[in-house]
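Written below as structure tokens is the structure these notes are about.
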Amino acid sequence: RSLSLITIDFDQVHTIFLFLGVYRKPFLLALQPPLVNLGEKVTLECRSEIMFDTFVLTSHKTGTIKDSFELSAEHYHGGSQANFSIGPMTPDDAGTYTCYGSFNHSPYECSESSDPIDIKITGLYKKPSLSALMEPVVMSGENMTLTCFSDLQFDMFHLSRGGVPKEHGLPSVKSHNGTFQDSFHLGPMVQAGNYRCYGSFRNSSHLWSTPSDHLYILVTGKRTSYIPHILYNRRNLHMLIGLSVTMILVFLIILIYSCCSAKKSKSQEQASESHLTTVRKQVQRSRGMFS
């Protein structure tokens, strides 16, 4: 296998052929999340257990090599590495990066390429919105649906958790209200954390919008009683509220009836006492007349 790299040295263009696969591939790591805001810097670390003298970092766009960077390796116990600092990031810096290792005595014989890392630049377009179909609380083992929508006609929507993008985006669909949206179905093993979504266009898949406001998803343990279950089920919650209102109304009716009954009994008692007092007075008058 061979790879053609083009480097520019003042007014001359040099084409260098590198023979790849001579040594085991190194590892390429992003020391920051692979979603980089416009204008920020990112550091890519290429490391190997082989004591390479030099590492080469290449950036790819649409399957072709766009840029290459070369650094002398730093040796440490058990291997070698080089840290490539890129930025401040511009749209031209977005793309797929790989790295290779080589020795000074044979600079054109390189290792296999590392696994690629996709660097996306965010903050290019207006942010979309992210919402949960139900409450942003899910029981362990249950599913969750998150909807990303925007008034911009994005071609794709993407979801991230904790700054790390999910593997695949979803094509946007025009809704009945004129916005563009799509839904991400999570589960059954939903992970708690801060979720955001982004929009992008088909002709610039590495350039993403400003992230949506974050939506924190809480994952709780398994249900242990009936009450926690209905608290997270809207329909059952409405039924509980209706039942509670009914019970309160029944209690109020019983209370009002009891009060009315008590007043009526008291009035009857007072009337009875008044009648008894009148009878006693009449009896006393009768005794006075006969004496």
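So you can find residues: chains in the structure tokens are A, B, ... in the order shown, residues in each start at 1, and ligands are numbered from 1 in order.
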Quiz prompt | Spatial neighbours of Phe84 in chain A, max dist 10 Å, only C-alpha atoms, sep filter under 5 positions, as a ChimeraX atom specification | solution = /A:30,42-46,55-57,69-71
Self-check item: Contact residues around Ser111 in chain A with only C-alpha atoms at 8 Å, ignoring same-chain residues under 5 positions, as a PyMOL selection string
Solution: chain A and resi 20-26+100-102
Output the selection as a PDB file, in the first residue's frame - C-alpha atoms for each residue.
```pdb
ATOM      1  CA  LEU A  20       2.214   2.167   4.640  1.00  0.00           C
ATOM      2  CA  GLY A  21       1.630  -0.954   6.683  1.00  0.00           C
ATOM      3  CA  VAL A  22       5.289  -1.666   7.435  1.00  0.00           C
ATOM      4  CA  TYR A  23       4.670  -1.370  11.203  1.00  0.00           C
ATOM      5  CA  ARG A  24       1.688  -1.748  13.530  1.00  0.00           C
ATOM      6  CA  LYS A  25      -0.731   1.143  13.599  1.00  0.00           C
ATOM      7  CA  PRO A  26      -0.459   3.774  16.341  1.00  0.00           C
ATOM      8  CA  TYR A 100       1.326   7.309  11.141  1.00  0.00           C
ATOM      9  CA  GLY A 101       4.684   6.486  12.695  1.00  0.00           C
ATOM     10  CA  SER A 102       8.087   6.196  10.996  1.00  0.00           C
TER      11      SER A 102
END
```
Practice problem: List every residue of range 66-199 of chain A that DSSP, applied to the backbone of this structure, places in strand (DSSP E or B), and write the result as a ChimeraX atom specification. | Solution: /A:66-72,74-76,79-86,95-103,106-111,117-122,129-132,137-139,144-150,156-161,164-165,170-171,173-174,180-186,193-199
Export of prior selection with C-alpha atoms as a tab-separated table (two decimals), in the first residue's frame:
```
chain	number	residue	atom	x	y	z
A	66	LYS	CA	-6.03	17.90	2.62
A	67	ASP	CA	-3.14	18.64	5.01
A	68	SER	CA	-0.28	16.85	6.72
A	69	PHE	CA	1.71	17.71	9.85
A	70	GLU	CA	4.94	16.14	11.07
A	71	LEU	CA	6.38	16.08	14.61
A	72	SER	CA	9.34	14.41	16.25
A	74	GLU	CA	8.72	11.98	22.41
A	75	HIS	CA	9.92	8.75	23.98
A	76	TYR	CA	8.72	7.43	27.31
A	79	GLY	CA	6.53	3.74	23.76
A	80	SER	CA	6.48	7.02	21.87
A	81	GLN	CA	4.03	9.84	21.24
A	82	ALA	CA	3.49	13.28	19.72
A	83	ASN	CA	0.83	15.89	20.51
A	84	PHE	CA	-0.51	17.88	17.56
A	85	SER	CA	-2.15	21.18	18.50
A	86	ILE	CA	-4.62	22.42	15.91
A	95	GLY	CA	-12.56	16.69	8.85
A	96	THR	CA	-11.19	13.21	9.49
A	97	TYR	CA	-7.72	12.81	11.00
A	98	THR	CA	-5.34	9.83	11.03
A	99	CYS	CA	-1.70	9.43	12.05
A	100	TYR	CA	1.33	7.31	11.14
A	101	GLY	CA	4.68	6.49	12.69
A	102	SER	CA	8.09	6.20	11.00
A	103	PHE	CA	11.84	6.00	11.66
A	106	SER	CA	13.55	5.05	6.54
A	107	PRO	CA	11.21	8.08	6.64
A	108	TYR	CA	9.09	6.86	3.72
A	109	GLU	CA	8.25	3.55	5.32
A	110	CYS	CA	5.39	4.13	7.70
A	111	SER	CA	3.12	2.21	9.99
A	117	ILE	CA	-11.05	10.56	14.40
A	118	ASP	CA	-13.74	12.87	13.06
A	119	ILE	CA	-13.41	16.47	14.23
A	120	LYS	CA	-16.61	18.47	13.91
A	121	ILE	CA	-16.71	22.24	14.32
A	122	THR	CA	-19.80	23.66	15.99
A	129	SER	CA	-34.19	22.97	20.05
A	130	LEU	CA	-34.28	19.67	21.93
A	131	SER	CA	-37.25	18.29	23.85
A	132	ALA	CA	-38.35	15.05	25.48
A	137	VAL	CA	-37.00	11.14	33.67
A	138	VAL	CA	-36.82	7.48	32.72
A	139	MET	CA	-36.79	4.30	34.72
A	144	MET	CA	-36.82	7.60	25.87
A	145	THR	CA	-37.56	9.70	22.76
A	146	LEU	CA	-35.84	13.04	22.18
A	147	THR	CA	-36.92	15.36	19.36
A	148	CYS	CA	-34.60	17.88	17.71
A	149	PHE	CA	-36.29	20.61	15.65
A	150	SER	CA	-35.44	23.89	13.94
A	156	MET	CA	-29.29	16.15	9.28
A	157	PHE	CA	-29.73	16.30	13.03
A	158	HIS	CA	-27.15	14.94	15.47
A	159	LEU	CA	-27.33	14.09	19.17
A	160	SER	CA	-24.55	14.24	21.75
A	161	ARG	CA	-24.23	13.26	25.39
A	164	VAL	CA	-19.56	13.17	22.68
A	165	PRO	CA	-21.67	12.71	19.52
A	170	LEU	CA	-30.84	11.38	11.41
A	171	PRO	CA	-32.25	13.07	8.29
A	173	VAL	CA	-38.24	15.78	8.13
A	174	LYS	CA	-40.56	18.73	7.53
A	180	PHE	CA	-37.77	20.56	10.41
A	181	GLN	CA	-37.24	17.81	12.94
A	182	ASP	CA	-36.46	14.20	13.73
A	183	SER	CA	-36.68	12.01	16.81
A	184	PHE	CA	-33.92	10.01	18.49
A	185	HIS	CA	-35.14	6.84	20.18
A	186	LEU	CA	-32.97	5.92	23.15
A	193	GLY	CA	-26.45	13.00	31.37
A	194	ASN	CA	-26.69	16.26	29.46
A	195	TYR	CA	-27.97	15.84	25.92
A	196	ARG	CA	-27.73	18.40	23.11
A	197	CYS	CA	-28.57	18.31	19.42
A	198	TYR	CA	-27.10	19.95	16.35
A	199	GLY	CA	-28.02	20.55	12.72
```
Which residues of range 70-102 of chain A sit at most 10 Å from range 201-216 of chain A, using only C-alpha atoms? Give each one's shortest atom pair and distance in Å (one decimal place), in chain and ascending residue order, as CSV.
```
residue,atom,partner,partner_atom,distance
A:Thr90,CA,A:Leu207,CA,9.8
A:Pro91,CA,A:Leu207,CA,6.8
A:Asp92,CA,A:Leu207,CA,9.5
A:Asp93,CA,A:His206,CA,9.5
A:Ala94,CA,A:His206,CA,5.8
A:Gly95,CA,A:His206,CA,6.0
A:Thr96,CA,A:His206,CA,8.7
```
Quiz prompt | Residue list (helix (DSSP H, G or I), DSSP) for range 99-271 of chain A, as number ranges by chain | solution = A: 226-231, 234-271
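When CA of Pro128 in chain A is paired with CA of Glu167 in chain A, their separation reads 19.0 Å.
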Quiz item: Taking only C-alpha atoms into account, which of A:Pro116, A:Pro88, A:Gly187, A:Leu38 comes nearest Gly141 in chain A?
Solution: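 Ranking A:Pro116, A:Pro88, A:Gly187, A:Leu38 by distance to Gly141 in chain A, first place goes to A:Gly187.
If only C-alpha atoms are the atoms counted, then among A:Thr64, A:Asn177, A:Ser200, A:Asn143 the closest residue to Lys126 in chain A is A:Ser200.
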Quiz item: Expressed in Å to a single decimal, how great is the separation between CA of Phe154 in chain A and CA of Lys127 in chain A?
Solution: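 CA of Phe154 in chain A sits 10.8 Å away from CA of Lys127 in chain A.
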Quiz item: How far is it from CA of Leu29 in chain A to CA of Gly123 in chain A, in Å with one decimal?
Solution: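 Straight-line distance from CA of Leu29 in chain A to CA of Gly123 in chain A works out to 22.8 Å.
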